[in-house]
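Everything below belongs to query-v6.cif, which stores mmCIF, C-alpha atoms.
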data_coords
loop_
_atom_site.label_atom_id
_atom_site.label_comp_id
_atom_site.auth_asym_id
_atom_site.auth_seq_id
_atom_site.Cartn_x
_atom_site.Cartn_y
_atom_site.Cartn_z
CA MET O 27 93.00 133.69 209.78
CA LYS O 28 91.39 130.45 208.53
CA LYS O 29 93.90 130.08 205.70
CA THR O 30 96.76 130.61 208.19
CA ARG O 31 95.35 127.86 210.44
CA SER O 32 95.10 125.55 207.44
CA MET O 33 98.72 126.22 206.46
CA ARG O 34 99.82 125.79 210.08
CA SER O 35 98.20 122.39 210.42
CA THR O 36 99.54 121.20 207.05
CA VAL O 37 103.12 122.34 207.72
CA SER O 38 102.99 120.89 211.24
CA MET O 39 101.75 117.59 209.79
CA VAL O 40 104.58 117.51 207.20
CA MET O 41 107.14 118.15 209.94
CA SER O 42 105.70 115.49 212.24
CA ALA O 43 105.49 112.94 209.40
CA GLY O 44 109.12 113.58 208.42
CA LEU O 45 110.32 113.45 212.01
CA TYR O 46 108.45 110.27 212.98
CA GLY O 47 109.30 108.62 209.64
CA SER O 48 112.99 109.29 210.20
CA LEU O 49 112.77 108.08 213.82
CA ALA O 50 111.23 104.81 212.56
CA PHE O 51 114.15 104.27 210.15
CA LEU O 52 116.72 105.20 212.80
CA ALA O 53 115.14 102.90 215.40
CA SER O 54 115.01 100.01 212.89
CA GLY O 55 118.66 100.55 212.02
CA MET O 56 119.70 100.66 215.67
CA VAL O 57 117.75 97.50 216.54
CA LEU O 58 119.10 95.61 213.52
CA GLY O 59 122.61 96.78 214.40
CA ARG O 60 122.32 95.00 217.76
CA LEU O 61 121.35 91.67 216.16
CA THR O 62 124.16 89.22 215.56
CA ASN O 63 122.93 88.19 212.09
CA PRO O 64 121.17 91.12 210.49
CA GLY O 65 119.38 90.51 207.19
CA ILE O 66 121.32 90.99 203.97
CA LEU O 67 118.63 93.18 202.39
CA LEU O 68 118.24 95.50 205.38
CA SER O 69 121.63 96.91 206.26
CA PRO O 70 121.52 98.78 209.61
CA GLY O 71 123.84 101.47 208.28
CA LYS O 72 121.67 102.09 205.24
CA LEU O 73 118.52 102.30 207.34
CA ILE O 74 120.13 104.88 209.63
CA PHE O 75 121.45 106.82 206.63
CA ALA O 76 117.95 106.83 205.09
CA GLY O 77 116.54 108.05 208.40
CA LEU O 78 119.05 110.91 208.51
CA VAL O 79 118.31 111.91 204.90
CA ILE O 80 114.56 111.98 205.63
CA LEU O 81 115.19 114.04 208.78
CA ILE O 82 117.39 116.62 207.06
CA ALA O 83 115.12 116.88 204.01
CA THR O 84 112.01 117.55 206.11
CA PRO O 85 112.58 121.32 206.69
CA MET O 86 112.87 121.69 202.90
CA ALA O 87 109.60 119.78 202.51
CA ALA O 88 108.01 122.17 205.03
CA VAL O 89 109.20 125.21 203.05
CA ALA O 90 107.98 123.58 199.82
CA THR O 91 104.59 123.05 201.45
CA CYS O 92 104.46 126.76 202.36
CA LEU O 93 105.40 127.62 198.77
CA LEU O 94 102.55 125.50 197.35
CA PHE O 95 100.16 127.01 199.87
CA PHE O 96 101.19 130.58 198.99
CA ILE O 97 100.84 129.86 195.25
CA HIS O 98 97.41 128.32 195.81
CA LYS O 99 96.24 131.34 197.83
CA GLY O 100 97.73 133.86 195.39
CA GLU O 101 100.23 135.27 197.92
CA ARG O 102 102.81 136.06 195.26
CA ILE O 103 105.32 137.90 197.45
CA ASN O 104 105.36 135.18 200.10
CA ALA O 105 105.58 132.51 197.38
CA GLY O 106 108.64 134.31 195.96
CA ILE O 107 110.21 134.45 199.43
CA ALA O 108 109.67 130.70 200.00
CA ALA O 109 111.12 129.96 196.54
CA ILE O 110 114.22 132.05 197.34
CA VAL O 111 114.75 130.13 200.60
CA LEU O 112 114.55 126.79 198.75
CA ALA O 113 116.89 128.07 196.00
CA VAL O 114 119.48 129.27 198.52
CA ILE O 115 119.46 125.91 200.35
CA ALA O 116 119.76 124.03 197.05
CA ALA O 117 122.61 126.29 195.94
CA GLY O 118 124.36 125.77 199.28
CA ILE O 119 124.22 121.99 198.82
CA LEU O 120 125.21 121.99 195.14
CA LEU O 121 128.07 124.50 195.43
CA SER O 122 129.77 122.87 198.43
CA MET J 128 127.83 103.87 228.67
CA PHE J 129 129.11 106.08 225.85
CA GLU J 130 125.70 105.99 224.15
CA ALA J 131 123.96 106.83 227.42
CA GLY J 132 126.25 109.84 227.80
CA VAL J 133 125.46 111.04 224.27
CA PHE J 134 121.73 110.54 224.89
CA LEU J 135 121.77 112.56 228.13
CA ILE J 136 123.79 115.39 226.57
CA ALA J 137 121.37 115.48 223.61
CA LEU J 138 118.37 115.41 225.96
CA GLY J 139 119.59 118.50 227.84
CA SER J 140 120.59 120.33 224.65
CA GLY J 141 117.23 119.61 223.02
CA ALA J 142 115.30 120.88 226.03
CA MET J 143 117.33 124.11 226.27
CA GLY J 144 117.19 124.61 222.49
CA ALA J 145 113.40 124.24 222.35
CA VAL J 146 112.83 126.53 225.35
CA LEU J 147 115.11 129.32 224.11
CA GLY J 148 114.62 129.11 220.32
CA LEU J 149 118.17 127.91 219.70
CA GLY J 150 119.26 124.90 217.70
CA GLY J 151 121.03 123.37 220.68
CA GLY J 152 124.42 123.28 218.95
CA ILE J 153 125.77 125.92 221.30
CA PHE J 154 125.44 123.36 224.11
CA LEU J 155 125.99 120.16 222.14
CA VAL J 156 129.32 120.88 220.41
CA PRO J 157 131.31 121.83 223.53
CA LEU J 158 129.79 119.00 225.57
CA LEU J 159 130.52 116.36 222.92
CA THR J 160 134.09 117.54 222.45
CA LEU J 161 134.94 118.24 226.09
CA LEU J 162 133.09 115.44 227.90
CA LEU J 163 133.22 112.65 225.30
CA ASP J 164 136.43 113.71 223.54
CA LEU J 165 134.91 113.57 220.04
CA PRO J 166 136.76 115.22 217.12
CA MET J 167 135.51 118.73 216.34
CA LYS J 168 134.24 117.88 212.84
CA THR J 169 132.25 114.90 214.12
CA ALA J 170 130.77 117.06 216.88
CA VAL J 171 129.82 119.83 214.45
CA ALA J 172 128.29 117.35 211.97
CA THR J 173 126.32 115.65 214.76
CA SER J 174 125.27 119.07 216.04
CA LEU J 175 123.89 120.14 212.64
CA VAL J 176 121.77 116.98 212.40
CA ALA J 177 120.66 117.59 215.98
CA VAL J 178 119.70 121.20 215.21
CA VAL J 179 117.37 119.95 212.45
CA ALA J 180 115.86 117.41 214.87
CA THR J 181 115.36 120.05 217.60
CA SER J 182 113.76 122.39 215.11
CA LEU J 183 111.36 119.76 213.74
CA SER J 184 110.44 118.40 217.13
CA ALA J 185 109.77 121.82 218.67
CA SER J 186 108.37 123.54 215.57
CA SER J 187 105.75 120.91 214.80
CA SER J 188 104.26 121.67 218.24
CA TYR J 189 104.81 125.43 218.18
CA ILE J 190 103.29 125.77 214.69
CA ARG J 191 100.23 123.76 215.73
CA LYS J 192 99.79 126.01 218.79
CA GLY J 193 100.07 129.11 216.57
CA LEU J 194 103.23 130.45 218.24
CA THR J 195 105.38 130.36 215.09
CA ASN J 196 105.08 133.20 212.58
CA ILE J 197 105.83 131.21 209.41
CA ARG J 198 105.68 134.17 207.00
CA LEU J 199 108.05 136.25 209.11
CA GLY J 200 110.37 133.27 209.58
CA LEU J 201 110.67 132.66 205.84
CA PHE J 202 111.14 136.38 205.14
CA LEU J 203 113.99 136.68 207.66
CA GLU J 204 115.46 133.39 206.48
CA THR J 205 116.18 134.89 203.03
CA ALA J 206 118.16 137.66 204.75
CA THR J 207 119.99 135.35 207.17
CA THR J 208 121.03 132.84 204.51
CA SER J 209 122.15 135.61 202.15
CA GLY J 210 124.20 137.06 205.00
CA ALA J 211 125.72 133.67 205.73
CA VAL J 212 126.75 133.26 202.07
CA ALA J 213 128.24 136.79 202.09
CA GLY J 214 130.01 135.95 205.34
CA GLY J 215 131.61 132.96 203.66
CA PHE J 216 133.05 135.20 200.93
CA LEU J 217 134.14 137.87 203.42
CA ALA J 218 135.88 135.33 205.64
CA ALA J 219 139.07 135.66 203.60
CA PHE J 220 139.32 139.41 204.23
CA LEU J 221 138.18 139.95 207.81
CA ASN J 222 139.89 139.33 211.11
CA GLU J 223 137.89 136.74 213.07
CA GLU J 224 139.28 137.75 216.47
CA PHE J 225 138.19 141.36 215.93
CA LEU J 226 134.73 140.21 214.84
CA ALA J 227 134.43 137.97 217.89
CA VAL J 228 135.11 140.94 220.17
CA VAL J 229 132.55 143.06 218.27
CA PHE J 230 130.03 140.22 218.46
CA SER J 231 130.56 139.78 222.19
CA LEU J 232 130.03 143.51 222.79
CA VAL J 233 126.80 143.40 220.76
CA ALA J 234 125.73 140.29 222.71
CA PHE J 235 126.43 142.03 226.06
CA TYR J 236 124.39 145.03 224.90
CA THR J 237 121.56 142.74 223.71
CA ALA J 238 121.53 140.83 227.00
CA GLY J 239 121.36 144.12 228.92
CA SER J 240 118.54 145.44 226.70
CA MET J 241 116.53 142.26 227.12
CA LEU J 242 117.06 142.28 230.86
CA LEU J 243 115.91 145.89 231.24
CA GLY J 244 113.16 145.72 228.63
CA HIS J 245 111.26 142.59 229.68
CA LYS J 246 108.62 144.54 231.63
CA ALA J 247 107.24 145.98 228.39
CA ASP J 248 106.02 142.54 227.22
CA SER J 249 102.26 142.23 227.63
CA ARG J 250 101.63 145.99 227.87
CA ASP J 251 102.92 146.64 224.36
CA TRP J 252 101.56 143.54 222.71
CA GLY J 253 98.09 143.34 224.18
CA THR J 254 96.53 144.75 221.03
CA CYS J 255 97.61 145.49 217.50
CA PRO J 256 96.10 147.73 214.86
CA GLU J 257 94.37 146.34 211.82
CA ALA J 258 97.04 145.43 209.31
CA LYS J 259 96.10 147.64 206.37
CA ASP J 260 99.71 148.02 205.26
CA ASP J 261 100.71 144.46 206.12
CA LEU J 262 101.60 143.37 202.60
CA LEU J 263 103.20 140.13 203.74
CA ASP J 264 100.31 139.23 206.06
CA MET J 265 102.60 138.94 209.08
CA ALA J 266 100.20 140.04 211.82
CA ALA J 267 99.49 137.07 214.08
CA SER J 268 98.06 136.00 217.40
CA PHE J 269 98.44 133.17 219.87
CA THR J 270 97.15 132.11 223.28
CA ASP J 271 99.72 132.24 226.07
CA GLU J 272 99.15 129.00 227.99
CA SER J 273 100.81 130.33 231.16
CA SER J 274 98.46 133.32 231.50
CA GLY J 275 95.54 132.33 229.23
CA ASP J 276 95.79 135.69 227.42
CA ASN J 277 95.22 135.96 223.68
CA ILE J 278 98.20 137.96 222.42
CA ARG J 279 97.96 139.77 219.08
CA TYR J 280 100.96 141.41 217.50
CA ARG J 281 102.29 142.77 214.25
CA PRO J 282 106.04 142.73 213.62
CA ARG J 283 107.37 146.28 213.31
CA ARG J 284 110.45 147.58 211.48
CA ILE J 285 110.44 144.54 209.20
CA PHE J 286 113.08 145.88 206.82
CA THR J 287 115.37 147.04 209.65
CA GLY J 288 114.99 143.56 211.12
CA SER J 289 115.79 142.11 207.73
CA LEU J 290 118.97 144.20 207.42
CA ALA J 291 120.00 143.19 210.94
CA SER J 292 119.38 139.56 209.93
CA VAL J 293 121.78 139.92 206.98
CA ALA J 294 124.46 141.13 209.40
CA ALA J 295 123.56 138.38 211.86
CA GLY J 296 123.82 135.74 209.12
CA ALA J 297 127.20 137.11 208.06
CA ILE J 298 128.53 137.10 211.63
CA SER J 299 127.15 133.59 212.21
CA GLY J 300 128.80 132.38 209.01
CA LEU J 301 132.11 134.04 209.82
CA LEU J 302 132.35 132.91 213.42
CA GLY J 303 130.74 129.48 213.10
CA ILE J 304 128.13 130.12 215.76
CA GLY J 305 124.47 129.22 215.58
CA GLY J 306 122.03 131.88 214.49
CA GLY J 307 119.40 131.22 217.18
CA PRO J 308 120.51 133.74 219.85
CA VAL J 309 120.87 136.48 217.22
CA LYS J 310 117.53 135.70 215.56
CA VAL J 311 115.61 135.75 218.84
CA SER J 312 117.27 139.02 219.89
CA ILE J 313 116.48 140.76 216.57
CA MET J 314 112.85 139.60 216.56
CA LYS J 315 112.31 140.71 220.14
CA ILE J 316 114.28 143.96 220.34
CA VAL J 317 114.11 145.29 216.76
CA MET J 318 110.78 143.87 215.59
CA GLY J 319 108.92 143.85 218.89
CA LEU J 320 107.72 140.24 218.85
CA PRO J 321 106.50 138.63 222.07
CA PHE J 322 109.32 136.49 223.46
CA LYS J 323 107.45 133.20 222.97
CA ALA J 324 106.64 134.04 219.34
CA ALA J 325 110.29 135.01 218.78
CA THR J 326 111.66 131.74 220.19
CA ALA J 327 109.10 129.63 218.29
CA THR J 328 109.81 131.43 215.00
CA SER J 329 113.56 131.11 215.62
CA ASN J 330 113.12 127.36 216.19
CA PHE J 331 111.43 127.08 212.78
CA MET J 332 114.23 129.08 211.13
CA VAL J 333 117.27 127.31 212.63
CA GLY J 334 116.17 123.97 211.16
CA ILE J 335 115.99 125.48 207.67
CA THR J 336 119.39 127.15 208.10
CA ALA J 337 121.02 123.92 209.31
CA THR J 338 119.62 121.77 206.48
CA ALA J 339 122.16 122.72 203.81
CA GLY J 340 125.14 122.27 206.13
CA ALA J 341 123.81 118.99 207.51
CA PHE J 342 123.42 117.54 203.99
CA VAL J 343 126.96 118.57 203.06
CA TYR J 344 128.43 116.94 206.19
CA LEU J 345 126.30 113.81 205.69
CA PHE J 346 127.30 113.29 202.04
CA HIS J 347 130.98 113.98 202.80
CA GLY J 348 130.92 111.23 205.42
CA TYR J 349 131.51 113.38 208.52
CA VAL J 350 128.33 112.17 210.26
CA ARG J 351 128.93 109.11 212.47
CA GLU J 352 125.62 107.36 211.88
CA ASP J 353 125.35 105.43 215.17
CA LEU J 354 126.18 108.56 217.15
CA ALA J 355 123.78 110.73 215.15
CA ALA J 356 120.93 108.25 215.65
CA VAL J 357 121.32 108.25 219.45
CA THR J 358 121.64 112.06 219.41
CA VAL J 359 118.45 112.46 217.37
CA PHE J 360 116.47 110.37 219.88
CA GLY J 361 117.89 112.35 222.80
CA ILE J 362 117.21 115.68 221.11
CA PHE J 363 113.68 114.58 220.16
CA ALA J 364 112.82 113.68 223.76
CA GLY J 365 114.50 116.82 225.11
CA ALA J 366 112.75 119.14 222.66
CA LYS J 367 109.33 117.66 223.49
CA LEU J 368 110.10 118.24 227.17
CA GLY J 369 111.29 121.77 226.41
CA VAL J 370 108.13 122.67 224.47
CA SER J 371 105.86 121.61 227.34
CA VAL J 372 107.97 123.63 229.81
CA ALA J 373 108.17 126.70 227.53
CA CYS J 374 104.39 126.84 227.05
CA ARG J 375 103.73 126.78 230.81
CA ILE J 376 106.51 129.07 232.03
CA ARG J 377 106.06 132.85 232.14
CA SER J 378 107.80 134.90 229.43
CA ARG J 379 109.68 136.84 232.10
CA TYR J 380 111.52 133.74 233.33
CA LEU J 381 112.23 132.56 229.78
CA ASN J 382 113.65 136.01 229.10
CA LEU J 383 115.93 135.83 232.15
CA LEU J 384 117.17 132.37 231.17
CA PHE J 385 117.88 133.64 227.67
CA VAL J 386 119.85 136.60 229.06
CA VAL J 387 122.00 134.22 231.13
CA VAL J 388 122.73 132.00 228.11
CA LEU J 389 123.47 135.03 225.90
CA THR J 390 125.89 136.39 228.52
CA VAL J 391 127.73 133.06 228.67
CA ILE J 392 128.02 133.08 224.86
CA ALA J 393 129.26 136.69 224.94
CA VAL J 394 131.95 135.86 227.50
CA ARG J 395 133.02 132.85 225.44
CA MET J 396 133.27 134.93 222.26
CA LEU J 397 135.17 137.69 224.07
CA LEU J 398 137.70 135.18 225.40
CA LYS J 399 138.10 133.72 221.90
CA GLY J 400 138.51 137.17 220.43
CA LEU J 401 141.20 138.02 222.98
CA GLY J 402 142.95 134.73 222.26
CA ALA J 403 142.13 133.17 225.62
CA GLY J 404 139.43 130.75 224.57
CA GLY J 405 141.00 128.68 221.80
CA SER J 406 141.05 129.23 218.05
CA PHE J 407 138.07 129.24 215.69
CA SER J 408 139.22 126.32 213.59
#

I need this file expressed as structure tokens, please.
Amino acid sequence: MKKTRSMRSTVSMVMSAGLYGSLAFLASGMVLGRLTNPGILLSPGKLIFAGLVILIATPMAAVATCLLFFIHKGERINAGIAAIVLAVIAAGILLS
Amino acid sequence: MFEAGVFLIALGSGAMGAVLGLGGGIFLVPLLTLLLDLPMKTAVATSLVAVVATSLSASSSYIRKGLTNIRLGLFLETATTSGAVAGGFLAAFLNEEFLAVVFSLVAFYTAGSMLLGHKADSRDWGTCPEAKDDLLDMAASFTDESSGDNIRYRPRRIFTGSLASVAAGAISGLLGIGGGPVKVSIMKIVMGLPFKAATATSNFMVGITATAGAFVYLFHGYVREDLAAVTVFGIFAGAKLGVSVACRIRSRYLNLLFVVVLTVIAVRMLLKGLGAGGSFS
């Protein structure tokens, strides 16, 4: 039960970090987009795009965290399952 | 004004999605296209990004509270995604209208089963045997905040549930509908999960399912960035609101709300299948 709690808190933390990180990028992009003379280095569109990439990549990071956890704890079957999920997502992106 | 409309639509979709274990796309796509007159592809692309946001926002809370069964979610996800890939290949050979009618009949049956079967909730799941044959370590427990009870359960008929998930993934892929309603129904009816555990686990799964599609739409330029950003903020706020409501509300009422939503989806699919609700494209 303790190892499950540890995985739960780690995965939850990864998800929250990804979500709040992406929200920070999106908010920065939206605020810069409202300014009349936005900086040349910080394009609002690029900031929003980066925020969206971070957001969409976060579920994969959560699955990868589970995979590392399962490997560390010697749960070979669950590690294989997590690896299959990641492989299917990667294949879906690459083959489209 | 337009942005405020998008935000409010996303807020409502996020709240409903988090409460019922759905991505929210089932509400978001029709509202964006019908109320704001957005092109279908833009609405679908925005919806996929929103589904990921709903999932992350709700799941981070549900996982921390112990409602999500991560191992079960990942196990079923392999079946659902495989089914979705198979559905993509089968799409060329099968009649979508016929499938829509079949799906709607299954959805009506599921709604009826959930409506009649909700009384079995706490009685069946109050205790669970020691998991000697639980190879995947899927037995779990959580505290129901509405009643204060500690609920222990062990998913049953895992492989039947997995097979049903393959079919569900294929149907979802073929008909372009979200997998949330199907996932929750399978976990509750076939695998015997408590409703709150089923919706929380479904929330975790729909984000993973939507990731691949969302990336494809994003890199092909179908995501309107300004629109997606406002949607994500609306969904985030709505999902947080939904989680706090879902944890306090009794499973029985969540179940009834789910049955209503499932019935609406079933009617919509039936109308589409009979050619009265627009085409699938």

Explicit residues for the PyMOL selection byres ((chain J) within 6 of (chain O)) (as a VMD selection string) = chain J and resid 183 187 190 to 191 205 335 338 to 339 356

What do you get, as number ranges by chain, if you spell out every residue that the PyMOL selection byres ((chain J and resi 144) around 10) selects here?
-> J: 138-143, 145-155, 178, 181-182, 185, 307, 326, 330, 362, 365-366, 369-370

Could you check how far atom CA of J:Val311 sits from atom CA of O:Lys99, in Å to one decimal?
-> 28.9 Å

For J:Val350: contacts at 10 Å, all atoms listed in the file, fewer than 4 positions along chain excluded, given as a PyMOL selection string | (chain O and resi 75+78) or (chain J and resi 168-176+341-346+354-356)

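Between J:Glu352 and the candidates O:Leu58, O:Ala50, O:Ala76, O:Leu93, the tightest atom-to-atom separation, counting only C-alpha atoms, involves O:Ala76.
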
Fewer than 2 positions away in the same chain doesn't count, so skip those; otherwise give me all residues within 8 Å of J:Arg375, counting all atoms listed in the file, as a PyMOL selection string.
-> chain J and resi 272-273+371-373+377

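Within the file as shown, the PyMOL selection byres ((chain J and resi 226-240) around 7) identifies Asn222, Glu223, Glu224, Phe225, Met241, Leu242, Leu243, Gly244, Ser312, Val386, Leu389, Thr390, Ala393, Val394, Met396, Leu397, Lys399 and Gly400 of chain J.
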
Could you work out how far atom CA of J:Gly361 lies from atom CA of O:Ala90, giving the answer in Å with one decimal?
-> 27.4 Å

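Going from atom CA of J:Ser329 over to atom CA of J:Ser292, you cover 11.7 Å.
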
Go through stretch 290-329 of chain J and flag each residue having an atom no more than 12 Å from stretch 265-271 of chain J; for those, report the closest pair of atoms plus their distance in Å to one decimal, using only C-alpha atoms, ordered by chain and rising number, as JSON lines.
{"residue": "J:Met318", "atom": "CA", "partner": "J:Met265", "partner_atom": "CA", "distance": 11.6}
{"residue": "J:Gly319", "atom": "CA", "partner": "J:Ala266", "partner_atom": "CA", "distance": 11.9}
{"residue": "J:Leu320", "atom": "CA", "partner": "J:Ala267", "partner_atom": "CA", "distance": 10.0}
{"residue": "J:Pro321", "atom": "CA", "partner": "J:Phe269", "partner_atom": "CA", "distance": 10.0}
{"residue": "J:Phe322", "atom": "CA", "partner": "J:Asp271", "partner_atom": "CA", "distance": 10.8}
{"residue": "J:Lys323", "atom": "CA", "partner": "J:Asp271", "partner_atom": "CA", "distance": 8.4}
{"residue": "J:Ala324", "atom": "CA", "partner": "J:Phe269", "partner_atom": "CA", "distance": 8.3}
{"residue": "J:Ala325", "atom": "CA", "partner": "J:Ala267", "partner_atom": "CA", "distance": 12.0}
{"residue": "J:Ala327", "atom": "CA", "partner": "J:Phe269", "partner_atom": "CA", "distance": 11.3}
{"residue": "J:Thr328", "atom": "CA", "partner": "J:Ala267", "partner_atom": "CA", "distance": 11.8}
